[in-house]
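Structure below is final.pdb: PDB, C-alpha atoms.
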ATOM      1  CA  SER A1333      55.206  25.001 -18.257  1.00  0.00           C
ATOM      2  CA  THR A1334      52.550  25.197 -15.549  1.00  0.00           C
ATOM      3  CA  LEU A1335      51.622  28.715 -16.658  1.00  0.00           C
ATOM      4  CA  ARG A1336      51.050  27.617 -20.259  1.00  0.00           C
ATOM      5  CA  LEU A1337      48.956  24.688 -19.018  1.00  0.00           C
ATOM      6  CA  LEU A1338      46.762  26.991 -16.936  1.00  0.00           C
ATOM      7  CA  ARG A1339      46.252  29.294 -19.916  1.00  0.00           C
ATOM      8  CA  ARG A1340      44.851  26.368 -21.902  1.00  0.00           C
ATOM      9  CA  LEU A1341      42.285  25.508 -19.245  1.00  0.00           C
ATOM     10  CA  PRO A1342      38.673  26.489 -20.028  1.00  0.00           C
ATOM     11  CA  LYS A1343      37.237  29.593 -18.403  1.00  0.00           C
ATOM     12  CA  ARG A1344      34.191  29.674 -16.188  1.00  0.00           C
ATOM     13  CA  ARG A1345      32.258  32.922 -15.986  1.00  0.00           C
ATOM     14  CA  ILE A1346      30.649  33.828 -12.666  1.00  0.00           C
ATOM     15  CA  GLN A1347      28.169  36.623 -12.013  1.00  0.00           C
ATOM     16  CA  TRP A1348      28.419  37.804  -8.444  1.00  0.00           C
ATOM     17  CA  LYS A1349      25.876  39.344  -6.115  1.00  0.00           C
ATOM     18  CA  ASP A1350      26.871  42.906  -7.049  1.00  0.00           C
ATOM     19  CA  GLY A1351      26.272  42.201 -10.736  1.00  0.00           C
ATOM     20  CA  THR A1352      29.939  42.006 -11.692  1.00  0.00           C
ATOM     21  CA  LYS A1353      31.193  39.060 -13.718  1.00  0.00           C
ATOM     22  CA  THR A1354      34.408  37.149 -13.229  1.00  0.00           C
ATOM     23  CA  SER A1355      36.173  34.586 -15.407  1.00  0.00           C
ATOM     24  CA  ILE A1356      38.310  31.975 -13.689  1.00  0.00           C
ATOM     25  CA  ARG A1357      40.282  29.130 -15.188  1.00  0.00           C
ATOM     26  CA  CYS A1358      39.403  25.779 -13.687  1.00  0.00           C
ATOM     27  CA  ILE A1359      40.399  22.174 -14.252  1.00  0.00           C
ATOM     28  CA  SER A1360      36.753  21.141 -13.931  1.00  0.00           C
ATOM     29  CA  GLY A1361      35.529  23.693 -16.497  1.00  0.00           C
ATOM     30  CA  VAL A1362      33.046  22.674 -19.176  1.00  0.00           C
ATOM     31  CA  GLU A1363      34.350  22.568 -22.724  1.00  0.00           C
ATOM     32  CA  GLY A1364      32.351  22.549 -25.926  1.00  0.00           C
ATOM     33  CA  ASN A1365      29.077  23.280 -24.201  1.00  0.00           C
ATOM     34  CA  GLY A1366      28.888  27.067 -24.324  1.00  0.00           C
ATOM     35  CA  ASP A1367      29.597  29.345 -21.377  1.00  0.00           C
ATOM     36  CA  TYR A1368      29.174  27.899 -17.912  1.00  0.00           C
ATOM     37  CA  ASN A1369      27.582  30.934 -16.315  1.00  0.00           C
ATOM     38  CA  ILE A1370      27.041  30.596 -12.583  1.00  0.00           C
ATOM     39  CA  GLN A1371      24.644  33.242 -11.331  1.00  0.00           C
ATOM     40  CA  GLY A1372      23.216  34.033  -7.922  1.00  0.00           C
ATOM     41  CA  THR A1373      23.626  35.881  -4.637  1.00  0.00           C
ATOM     42  CA  ILE A1374      26.149  33.760  -2.712  1.00  0.00           C
ATOM     43  CA  PRO A1375      29.125  36.142  -2.196  1.00  0.00           C
ATOM     44  CA  LYS A1376      32.684  35.513  -3.320  1.00  0.00           C
ATOM     45  CA  MET A1377      34.422  32.881  -1.188  1.00  0.00           C
ATOM     46  CA  GLY A1378      31.379  32.814   1.109  1.00  0.00           C
ATOM     47  CA  ARG A1379      32.398  36.064   2.787  1.00  0.00           C
ATOM     48  CA  GLY A1380      29.051  37.304   4.022  1.00  0.00           C
ATOM     49  CA  VAL A1381      26.813  34.282   3.440  1.00  0.00           C
ATOM     50  CA  ASP A1382      23.259  34.293   4.691  1.00  0.00           C
ATOM     51  CA  ILE A1383      20.172  32.087   4.663  1.00  0.00           C
ATOM     52  CA  GLY A1384      18.255  32.345   1.404  1.00  0.00           C
ATOM     53  CA  GLN A1385      21.248  33.119  -0.802  1.00  0.00           C
ATOM     54  CA  TYR A1386      21.586  30.923  -3.889  1.00  0.00           C
ATOM     55  CA  ALA A1387      23.686  30.069  -6.933  1.00  0.00           C
ATOM     56  CA  GLU A1388      22.525  28.354 -10.122  1.00  0.00           C
ATOM     57  CA  VAL A1389      23.679  27.286 -13.552  1.00  0.00           C
ATOM     58  CA  GLU A1390      22.216  25.758 -16.715  1.00  0.00           C
ATOM     59  CA  ARG A1391      23.735  23.145 -18.993  1.00  0.00           C
ATOM     60  CA  SER A1392      23.113  19.944 -20.904  1.00  0.00           C
ATOM     61  CA  PHE A1393      25.217  16.815 -21.354  1.00  0.00           C
ATOM     62  CA  SER A1394      25.991  15.590 -24.856  1.00  0.00           C
ATOM     63  CA  PRO A1395      25.786  11.897 -25.809  1.00  0.00           C
ATOM     64  CA  GLU A1396      29.587  11.863 -26.053  1.00  0.00           C
ATOM     65  CA  GLU A1397      29.959  13.268 -22.524  1.00  0.00           C
ATOM     66  CA  VAL A1398      27.542  10.644 -21.183  1.00  0.00           C
ATOM     67  CA  LYS A1399      29.539   7.955 -22.981  1.00  0.00           C
ATOM     68  CA  GLN A1400      32.854   9.263 -21.632  1.00  0.00           C
ATOM     69  CA  PHE A1401      31.543   9.360 -18.056  1.00  0.00           C
ATOM     70  CA  GLY A1402      30.221   5.806 -18.337  1.00  0.00           C
ATOM     71  CA  SER A1403      33.587   4.637 -19.651  1.00  0.00           C
ATOM     72  CA  LEU A1404      35.448   6.462 -16.876  1.00  0.00           C
ATOM     73  CA  VAL A1405      33.425   4.926 -14.029  1.00  0.00           C
ATOM     74  CA  LYS A1406      32.904   1.556 -15.800  1.00  0.00           C
ATOM     75  CA  ASP A1407      29.119   1.982 -15.909  1.00  0.00           C
ATOM     76  CA  GLN A1408      28.146   0.201 -19.124  1.00  0.00           C
ATOM     77  CA  ASN A1409      24.396   0.148 -18.472  1.00  0.00           C
ATOM     78  CA  PHE A1410      22.695   0.163 -21.881  1.00  0.00           C
ATOM     79  CA  LEU A1411      20.281   2.854 -20.625  1.00  0.00           C
ATOM     80  CA  HIS A1412      23.126   5.357 -20.973  1.00  0.00           C
ATOM     81  CA  GLU A1413      23.832   4.397 -24.580  1.00  0.00           C
ATOM     82  CA  SER A1414      22.167   4.941 -27.929  1.00  0.00           C
ATOM     83  CA  VAL A1415      20.934   1.475 -28.934  1.00  0.00           C
ATOM     84  CA  PRO A1416      18.592   0.252 -31.722  1.00  0.00           C
ATOM     85  CA  TRP A1417      14.937   1.101 -31.082  1.00  0.00           C
ATOM     86  CA  SER A1418      11.926  -1.014 -32.071  1.00  0.00           C
ATOM     87  CA  ASP A1419       8.202  -0.684 -31.442  1.00  0.00           C
ATOM     88  CA  ASP A1420       8.309  -4.414 -30.824  1.00  0.00           C
ATOM     89  CA  ILE A1421       9.756  -4.853 -27.339  1.00  0.00           C
ATOM     90  CA  GLU A1422      10.596  -8.503 -27.973  1.00  0.00           C
ATOM     91  CA  THR A1423      12.881  -7.414 -30.802  1.00  0.00           C
ATOM     92  CA  MET A1424      14.772  -5.137 -28.395  1.00  0.00           C
ATOM     93  CA  GLN A1425      14.843  -7.811 -25.699  1.00  0.00           C
ATOM     94  CA  ALA A1426      16.776 -10.045 -28.079  1.00  0.00           C
ATOM     95  CA  SER A1427      19.753  -7.697 -27.653  1.00  0.00           C
ATOM     96  CA  PHE A1428      19.168  -5.873 -24.352  1.00  0.00           C
ATOM     97  CA  PRO A1429      17.538  -6.708 -20.974  1.00  0.00           C
ATOM     98  CA  ILE A1430      14.806  -4.125 -21.488  1.00  0.00           C
ATOM     99  CA  THR A1431      11.384  -4.445 -19.844  1.00  0.00           C
ATOM    100  CA  LYS A1432       7.995  -2.855 -20.417  1.00  0.00           C
ATOM    101  CA  SER A1433       8.534  -0.919 -17.200  1.00  0.00           C
ATOM    102  CA  HIS A1434      11.620   0.767 -18.679  1.00  0.00           C
ATOM    103  CA  ILE A1435       9.404   2.168 -21.416  1.00  0.00           C
ATOM    104  CA  SER A1436       6.335   2.949 -19.296  1.00  0.00           C
ATOM    105  CA  GLU A1437       8.500   4.830 -16.758  1.00  0.00           C
ATOM    106  CA  GLY A1438      10.037   6.902 -19.551  1.00  0.00           C
ATOM    107  CA  LEU A1439      13.536   5.510 -19.032  1.00  0.00           C
ATOM    108  CA  VAL A1440      13.865   4.308 -22.623  1.00  0.00           C
ATOM    109  CA  ILE A1441      12.640   6.589 -25.409  1.00  0.00           C
ATOM    110  CA  ARG A1442      13.254   6.907 -29.120  1.00  0.00           C
ATOM    111  CA  ASP A1443      15.699   9.650 -30.075  1.00  0.00           C
ATOM    112  CA  LEU A1444      13.873  11.817 -32.592  1.00  0.00           C
ATOM    113  CA  ASN A1445      16.395  14.669 -32.407  1.00  0.00           C
ATOM    114  CA  GLN A1446      19.793  13.041 -32.772  1.00  0.00           C
ATOM    115  CA  HIS A1447      18.647  10.250 -35.100  1.00  0.00           C
ATOM    116  CA  PRO A1448      15.571  11.496 -37.016  1.00  0.00           C
ATOM    117  CA  ASP A1449      16.109   9.066 -39.880  1.00  0.00           C
ATOM    118  CA  THR A1450      17.082   6.016 -37.863  1.00  0.00           C
ATOM    119  CA  GLU A1451      15.504   4.214 -34.923  1.00  0.00           C
ATOM    120  CA  MET A1452      17.783   4.609 -31.898  1.00  0.00           C
ATOM    121  CA  THR A1453      17.197   5.241 -28.203  1.00  0.00           C
ATOM    122  CA  ARG A1454      18.200   8.471 -26.474  1.00  0.00           C
ATOM    123  CA  PRO A1455      20.987   8.072 -23.880  1.00  0.00           C
ATOM    124  CA  LEU A1456      19.930   8.572 -20.264  1.00  0.00           C
ATOM    125  CA  VAL A1457      22.281  10.847 -18.306  1.00  0.00           C
ATOM    126  CA  HIS A1458      23.766   9.223 -15.204  1.00  0.00           C
ATOM    127  CA  GLY A1459      22.207  10.631 -12.051  1.00  0.00           C
ATOM    128  CA  ILE A1460      25.624  10.997 -10.448  1.00  0.00           C
ATOM    129  CA  LEU A1461      26.916  12.920 -13.460  1.00  0.00           C
ATOM    130  CA  LEU A1462      23.960  15.290 -13.196  1.00  0.00           C
ATOM    131  CA  SER A1463      24.426  15.775  -9.457  1.00  0.00           C
ATOM    132  CA  SER A1464      28.054  16.794 -10.053  1.00  0.00           C
ATOM    133  CA  MET A1465      26.579  20.149 -11.078  1.00  0.00           C
ATOM    134  CA  PHE A1466      26.109  20.900  -7.377  1.00  0.00           C
ATOM    135  CA  SER A1467      29.795  20.565  -6.548  1.00  0.00           C
ATOM    136  CA  SER A1468      30.749  22.495  -9.695  1.00  0.00           C
ATOM    137  CA  ILE A1469      28.654  25.431  -8.474  1.00  0.00           C
ATOM    138  CA  PHE A1470      30.322  25.440  -5.052  1.00  0.00           C
ATOM    139  CA  ALA A1471      33.784  25.075  -6.607  1.00  0.00           C
ATOM    140  CA  GLY A1472      33.106  27.955  -8.970  1.00  0.00           C
ATOM    141  CA  VAL A1473      31.741  30.358  -6.366  1.00  0.00           C
ATOM    142  CA  VAL A1474      33.935  29.271  -3.425  1.00  0.00           C
ATOM    143  CA  PRO A1475      37.199  27.713  -4.688  1.00  0.00           C
ATOM    144  CA  GLY A1476      38.740  25.614  -1.917  1.00  0.00           C
ATOM    145  CA  CYS A1477      35.400  24.611  -0.378  1.00  0.00           C
ATOM    146  CA  VAL A1478      35.061  21.051   0.932  1.00  0.00           C
ATOM    147  CA  TYR A1479      32.012  18.811   0.594  1.00  0.00           C
ATOM    148  CA  ILE A1480      30.943  17.134   3.857  1.00  0.00           C
ATOM    149  CA  ASN A1481      27.893  15.222   2.654  1.00  0.00           C
ATOM    150  CA  GLN A1482      25.123  15.204   0.067  1.00  0.00           C
ATOM    151  CA  THR A1483      21.770  13.426  -0.079  1.00  0.00           C
ATOM    152  CA  LEU A1484      20.157  12.714  -3.452  1.00  0.00           C
ATOM    153  CA  GLN A1485      16.693  11.722  -4.613  1.00  0.00           C
ATOM    154  CA  PHE A1486      16.268  10.973  -8.311  1.00  0.00           C
ATOM    155  CA  SER A1487      12.762  11.973  -9.352  1.00  0.00           C
ATOM    156  CA  SER A1488      12.713  12.165 -13.148  1.00  0.00           C
ATOM    157  CA  PRO A1489      14.997  10.941 -15.961  1.00  0.00           C
ATOM    158  CA  VAL A1490      17.148  13.399 -17.909  1.00  0.00           C
ATOM    159  CA  PHE A1491      18.389  12.563 -21.386  1.00  0.00           C
ATOM    160  CA  ALA A1492      21.393  13.654 -23.420  1.00  0.00           C
ATOM    161  CA  ASN A1493      21.119  17.188 -24.816  1.00  0.00           C
ATOM    162  CA  GLU A1494      18.272  18.021 -22.413  1.00  0.00           C
ATOM    163  CA  LEU A1495      18.802  21.438 -20.806  1.00  0.00           C
ATOM    164  CA  VAL A1496      18.633  21.461 -17.012  1.00  0.00           C
ATOM    165  CA  LYS A1497      19.153  24.037 -14.287  1.00  0.00           C
ATOM    166  CA  SER A1498      20.989  23.240 -11.058  1.00  0.00           C
ATOM    167  CA  ARG A1499      20.424  25.446  -8.009  1.00  0.00           C
ATOM    168  CA  VAL A1500      21.813  25.470  -4.463  1.00  0.00           C
ATOM    169  CA  THR A1501      20.061  27.542  -1.784  1.00  0.00           C
ATOM    170  CA  ILE A1502      21.475  28.167   1.700  1.00  0.00           C
ATOM    171  CA  GLU A1503      19.125  26.928   4.434  1.00  0.00           C
ATOM    172  CA  LYS A1504      21.296  26.812   7.575  1.00  0.00           C
ATOM    173  CA  LEU A1505      24.667  28.118   8.783  1.00  0.00           C
ATOM    174  CA  ARG A1506      26.996  26.981  11.524  1.00  0.00           C
ATOM    175  CA  ARG A1507      30.529  27.815  12.600  1.00  0.00           C
ATOM    176  CA  TRP A1508      33.207  25.208  11.938  1.00  0.00           C
ATOM    177  CA  PRO A1509      35.776  24.489  14.702  1.00  0.00           C
ATOM    178  CA  LYS A1510      38.596  24.511  12.131  1.00  0.00           C
ATOM    179  CA  GLY A1511      37.585  27.973  10.978  1.00  0.00           C
ATOM    180  CA  GLY A1512      35.175  29.245   8.390  1.00  0.00           C
ATOM    181  CA  ILE A1513      31.562  28.200   8.186  1.00  0.00           C
ATOM    182  CA  VAL A1514      29.457  25.205   7.139  1.00  0.00           C
ATOM    183  CA  VAL A1515      26.431  25.880   4.954  1.00  0.00           C
ATOM    184  CA  GLN A1516      23.522  23.484   4.654  1.00  0.00           C
ATOM    185  CA  CYS A1517      21.931  23.881   1.245  1.00  0.00           C
ATOM    186  CA  ASP A1518      18.831  22.709  -0.544  1.00  0.00           C
ATOM    187  CA  THR A1519      20.014  21.304  -3.876  1.00  0.00           C
ATOM    188  CA  GLN A1520      17.770  20.850  -6.899  1.00  0.00           C
ATOM    189  CA  ILE A1521      18.027  20.138 -10.601  1.00  0.00           C
ATOM    190  CA  HIS A1522      15.031  20.686 -12.829  1.00  0.00           C
ATOM    191  CA  LYS A1523      14.353  20.515 -16.558  1.00  0.00           C
ATOM    192  CA  VAL A1524      14.287  23.957 -18.128  1.00  0.00           C
ATOM    193  CA  GLU A1525      11.600  23.056 -20.672  1.00  0.00           C
ATOM    194  CA  ASN A1526       8.876  21.943 -18.254  1.00  0.00           C
ATOM    195  CA  HIS A1527      10.327  22.702 -14.767  1.00  0.00           C
ATOM    196  CA  THR A1528      10.071  19.035 -13.743  1.00  0.00           C
ATOM    197  CA  ILE A1529      12.362  18.282 -10.789  1.00  0.00           C
ATOM    198  CA  ALA A1530      14.929  15.663 -11.750  1.00  0.00           C
ATOM    199  CA  ILE A1531      17.085  15.565  -8.594  1.00  0.00           C
ATOM    200  CA  LYS A1532      16.701  17.044  -5.136  1.00  0.00           C
ATOM    201  CA  GLY A1533      18.588  16.714  -1.893  1.00  0.00           C
ATOM    202  CA  THR A1534      20.614  18.452   0.801  1.00  0.00           C
ATOM    203  CA  ALA A1535      24.317  19.291   0.932  1.00  0.00           C
ATOM    204  CA  ASN A1536      26.611  20.368   3.748  1.00  0.00           C
ATOM    205  CA  VAL A1537      29.693  22.228   2.548  1.00  0.00           C
ATOM    206  CA  TRP A1538      32.594  23.770   4.455  1.00  0.00           C
ATOM    207  CA  LEU A1539      33.626  27.251   3.313  1.00  0.00           C
ATOM    208  CA  PRO A1540      37.110  27.760   4.863  1.00  0.00           C
ATOM    209  CA  GLU A1541      37.086  31.554   4.394  1.00  0.00           C
ATOM    210  CA  GLY A1542      33.345  31.970   4.833  1.00  0.00           C
ATOM    211  CA  HIS A1543      31.607  34.012   7.484  1.00  0.00           C
ATOM    212  CA  ARG A1544      28.062  35.064   8.237  1.00  0.00           C
ATOM    213  CA  LYS A1545      26.702  38.287   6.816  1.00  0.00           C
ATOM    214  CA  GLU A1546      26.783  41.118   9.309  1.00  0.00           C
ATOM    215  CA  LYS A1547      23.310  42.353  10.262  1.00  0.00           C
TER
END
Would you mind writing the file's structure down as structure tokens?
Amino acid sequence: STLRLLRRLPKRRIQWKDGTKTSIRCISGVEGNGDYNIQGTIPKMGRGVDIGQYAEVERSFSPEEVKQFGSLVKDQNFLHESVPWSDDIETMQASFPITKSHISEGLVIRDLNQHPDTEMTRPLVHGILLSSMFSSIFAGVVPGCVYINQTLQFSSPVFANELVKSRVTIEKLRRWPKGGIVVQCDTQIHKVENHTIAIKGTANVWLPEGHRKEK
């Protein structure tokens, strides 16, 4: 039944502005990757939003998740796969269209964590897969919200199993003729280990039940 199906869906834990925590079941929940804990100050459903409020979450993407996403969207770029590594670039070029620039720009590296005893490359996480963290934050905090647009600038590569933090911060507010409010947000993803920004941009999102915080 539908009820049994919903009970099998993964839970997403959310910590709200007042410090309380909520668990909701969601089709887009993250499985097998620990708790997906969204934290911040953006209020439930956007009821009382204000400039400066934020929401953030940390996670990593496993090699299998990167592989599944590539298969789903038909992106078979070898950069997103674990392929044989060699210190001799010509040896690698015999099998893959790799260039010296791929290596010098840090886009192809040897995987010393997943394959310590073998020479393989570390899968690069798709930029679009990473940026989906922004919409997952909005969907978790304000279920029923609608994305209007999103700009993206990819600044630094992120590899499989690399922990990152995604954060959305409200910059502007405007009323929406259909009701609710539209929030313009600064969106950023950075690496937790060294705080390097991986992705940044701006999103405009409609919050159907949202309203501005009363002064």
- Evaluate the PyMOL selection byres ((chain A and resi 1496-1500) around 9) here and jot the selected residues down as number ranges by chain. A: 1385-1392, 1462-1463, 1465-1466, 1469-1470, 1490, 1494-1495, 1501-1502, 1517-1525, 1527, 1530-1531, 1534-1535
Taking C-alpha atoms for each residue, export the selection above as a short mmCIF file (atom, residue, chain, number, x, y, z; two decimals), in the coordinates of the input.
data_model
loop_
_atom_site.label_atom_id
_atom_site.label_comp_id
_atom_site.auth_asym_id
_atom_site.auth_seq_id
_atom_site.Cartn_x
_atom_site.Cartn_y
_atom_site.Cartn_z
CA GLN A 1385 21.25 33.12 -0.80
CA TYR A 1386 21.59 30.92 -3.89
CA ALA A 1387 23.69 30.07 -6.93
CA GLU A 1388 22.52 28.35 -10.12
CA VAL A 1389 23.68 27.29 -13.55
CA GLU A 1390 22.22 25.76 -16.72
CA ARG A 1391 23.74 23.14 -18.99
CA SER A 1392 23.11 19.94 -20.90
CA LEU A 1462 23.96 15.29 -13.20
CA SER A 1463 24.43 15.78 -9.46
CA MET A 1465 26.58 20.15 -11.08
CA PHE A 1466 26.11 20.90 -7.38
CA ILE A 1469 28.65 25.43 -8.47
CA PHE A 1470 30.32 25.44 -5.05
CA VAL A 1490 17.15 13.40 -17.91
CA GLU A 1494 18.27 18.02 -22.41
CA LEU A 1495 18.80 21.44 -20.81
CA THR A 1501 20.06 27.54 -1.78
CA ILE A 1502 21.48 28.17 1.70
CA CYS A 1517 21.93 23.88 1.25
CA ASP A 1518 18.83 22.71 -0.54
CA THR A 1519 20.01 21.30 -3.88
CA GLN A 1520 17.77 20.85 -6.90
CA ILE A 1521 18.03 20.14 -10.60
CA HIS A 1522 15.03 20.69 -12.83
CA LYS A 1523 14.35 20.52 -16.56
CA VAL A 1524 14.29 23.96 -18.13
CA GLU A 1525 11.60 23.06 -20.67
CA HIS A 1527 10.33 22.70 -14.77
CA ALA A 1530 14.93 15.66 -11.75
CA ILE A 1531 17.08 15.56 -8.59
CA THR A 1534 20.61 18.45 0.80
CA ALA A 1535 24.32 19.29 0.93
#
Atom pair CA of Val1440 in chain A + CA of Asp1420 in chain A, distance 13.2 Å
Non-local contacts of range 1393-1410 of chain A (8 Å; all atoms listed in the file; under 2 positions in same chain excluded) as a ChimeraX atom specification: /A:1391,1412-1415,1428,1455-1458,1461,1492-1495
Keeping C-alpha atoms, export the residues of the selection given above as a short mmCIF file (atom, residue, chain, number, x, y, z; two decimals), in the frame of the given file.
data_model
loop_
_atom_site.label_atom_id
_atom_site.label_comp_id
_atom_site.auth_asym_id
_atom_site.auth_seq_id
_atom_site.Cartn_x
_atom_site.Cartn_y
_atom_site.Cartn_z
CA ARG A 1391 23.74 23.14 -18.99
CA HIS A 1412 23.13 5.36 -20.97
CA GLU A 1413 23.83 4.40 -24.58
CA SER A 1414 22.17 4.94 -27.93
CA VAL A 1415 20.93 1.48 -28.93
CA PHE A 1428 19.17 -5.87 -24.35
CA PRO A 1455 20.99 8.07 -23.88
CA LEU A 1456 19.93 8.57 -20.26
CA VAL A 1457 22.28 10.85 -18.31
CA HIS A 1458 23.77 9.22 -15.20
CA LEU A 1461 26.92 12.92 -13.46
CA ALA A 1492 21.39 13.65 -23.42
CA ASN A 1493 21.12 17.19 -24.82
CA GLU A 1494 18.27 18.02 -22.41
CA LEU A 1495 18.80 21.44 -20.81
#
Take the PyMOL selection byres ((chain A and resi 1452) around 7), apply it to the structure above, and return the hits as a ChimeraX atom specification. /A:1414-1417,1442-1443,1447,1450-1451,1453-1454
Would you compute the distance between CA of Pro1475 in chain A and CA of Gly1378 in chain A? Give it in Å to one decimal.
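Between CA of Pro1475 in chain A and CA of Gly1378 in chain A the gap works out to 9.7 Å.
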Original post:
Contacts of Ile1435 in chain A at 12 Å or less, counting all atoms listed in the file, minus same-chain residues fewer than 2 places along, as an MDAnalysis selection string?
Top reply: chainID A and resid 1411 1417:1421 1424 1430:1433 1437:1442 1453:1454 1489
Put those residues in a file: C-alpha atoms, as a PDB file, in the frame of the given file.
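After the write, out-v3.pdb holds the following:
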ATOM      1  CA  LEU A1411      20.281   2.854 -20.625  1.00  0.00           C
ATOM      2  CA  TRP A1417      14.937   1.101 -31.082  1.00  0.00           C
ATOM      3  CA  SER A1418      11.926  -1.014 -32.071  1.00  0.00           C
ATOM      4  CA  ASP A1419       8.202  -0.684 -31.442  1.00  0.00           C
ATOM      5  CA  ASP A1420       8.309  -4.414 -30.824  1.00  0.00           C
ATOM      6  CA  ILE A1421       9.756  -4.853 -27.339  1.00  0.00           C
ATOM      7  CA  MET A1424      14.772  -5.137 -28.395  1.00  0.00           C
ATOM      8  CA  ILE A1430      14.806  -4.125 -21.488  1.00  0.00           C
ATOM      9  CA  THR A1431      11.384  -4.445 -19.844  1.00  0.00           C
ATOM     10  CA  LYS A1432       7.995  -2.855 -20.417  1.00  0.00           C
ATOM     11  CA  SER A1433       8.534  -0.919 -17.200  1.00  0.00           C
ATOM     12  CA  GLU A1437       8.500   4.830 -16.758  1.00  0.00           C
ATOM     13  CA  GLY A1438      10.037   6.902 -19.551  1.00  0.00           C
ATOM     14  CA  LEU A1439      13.536   5.510 -19.032  1.00  0.00           C
ATOM     15  CA  VAL A1440      13.865   4.308 -22.623  1.00  0.00           C
ATOM     16  CA  ILE A1441      12.640   6.589 -25.409  1.00  0.00           C
ATOM     17  CA  ARG A1442      13.254   6.907 -29.120  1.00  0.00           C
ATOM     18  CA  THR A1453      17.197   5.241 -28.203  1.00  0.00           C
ATOM     19  CA  ARG A1454      18.200   8.471 -26.474  1.00  0.00           C
ATOM     20  CA  PRO A1489      14.997  10.941 -15.961  1.00  0.00           C
TER      21      PRO A1489
END
Given the file shown, determine the residues that the PyMOL selection byres ((chain A and resi 1512) around 12) selects; report them as a list of chain:residue names.
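Checking the PyMOL selection byres ((chain A and resi 1512) around 12) against this file, the residues are A:Met1377, A:Gly1378, A:Arg1379, A:Gly1380, A:Val1381, A:Val1474, A:Gly1476, A:Cys1477, A:Val1478, A:Leu1505, A:Arg1506, A:Arg1507, A:Trp1508, A:Pro1509, A:Lys1510, A:Gly1511, A:Ile1513, A:Val1514, A:Val1515, A:Val1537, A:Trp1538, A:Leu1539, A:Pro1540, A:Glu1541, A:Gly1542, A:His1543, A:Arg1544.
From CA of Gly1384 in chain A back to CA of Gln1485 in chain A, the distance works out to 21.5 Å.
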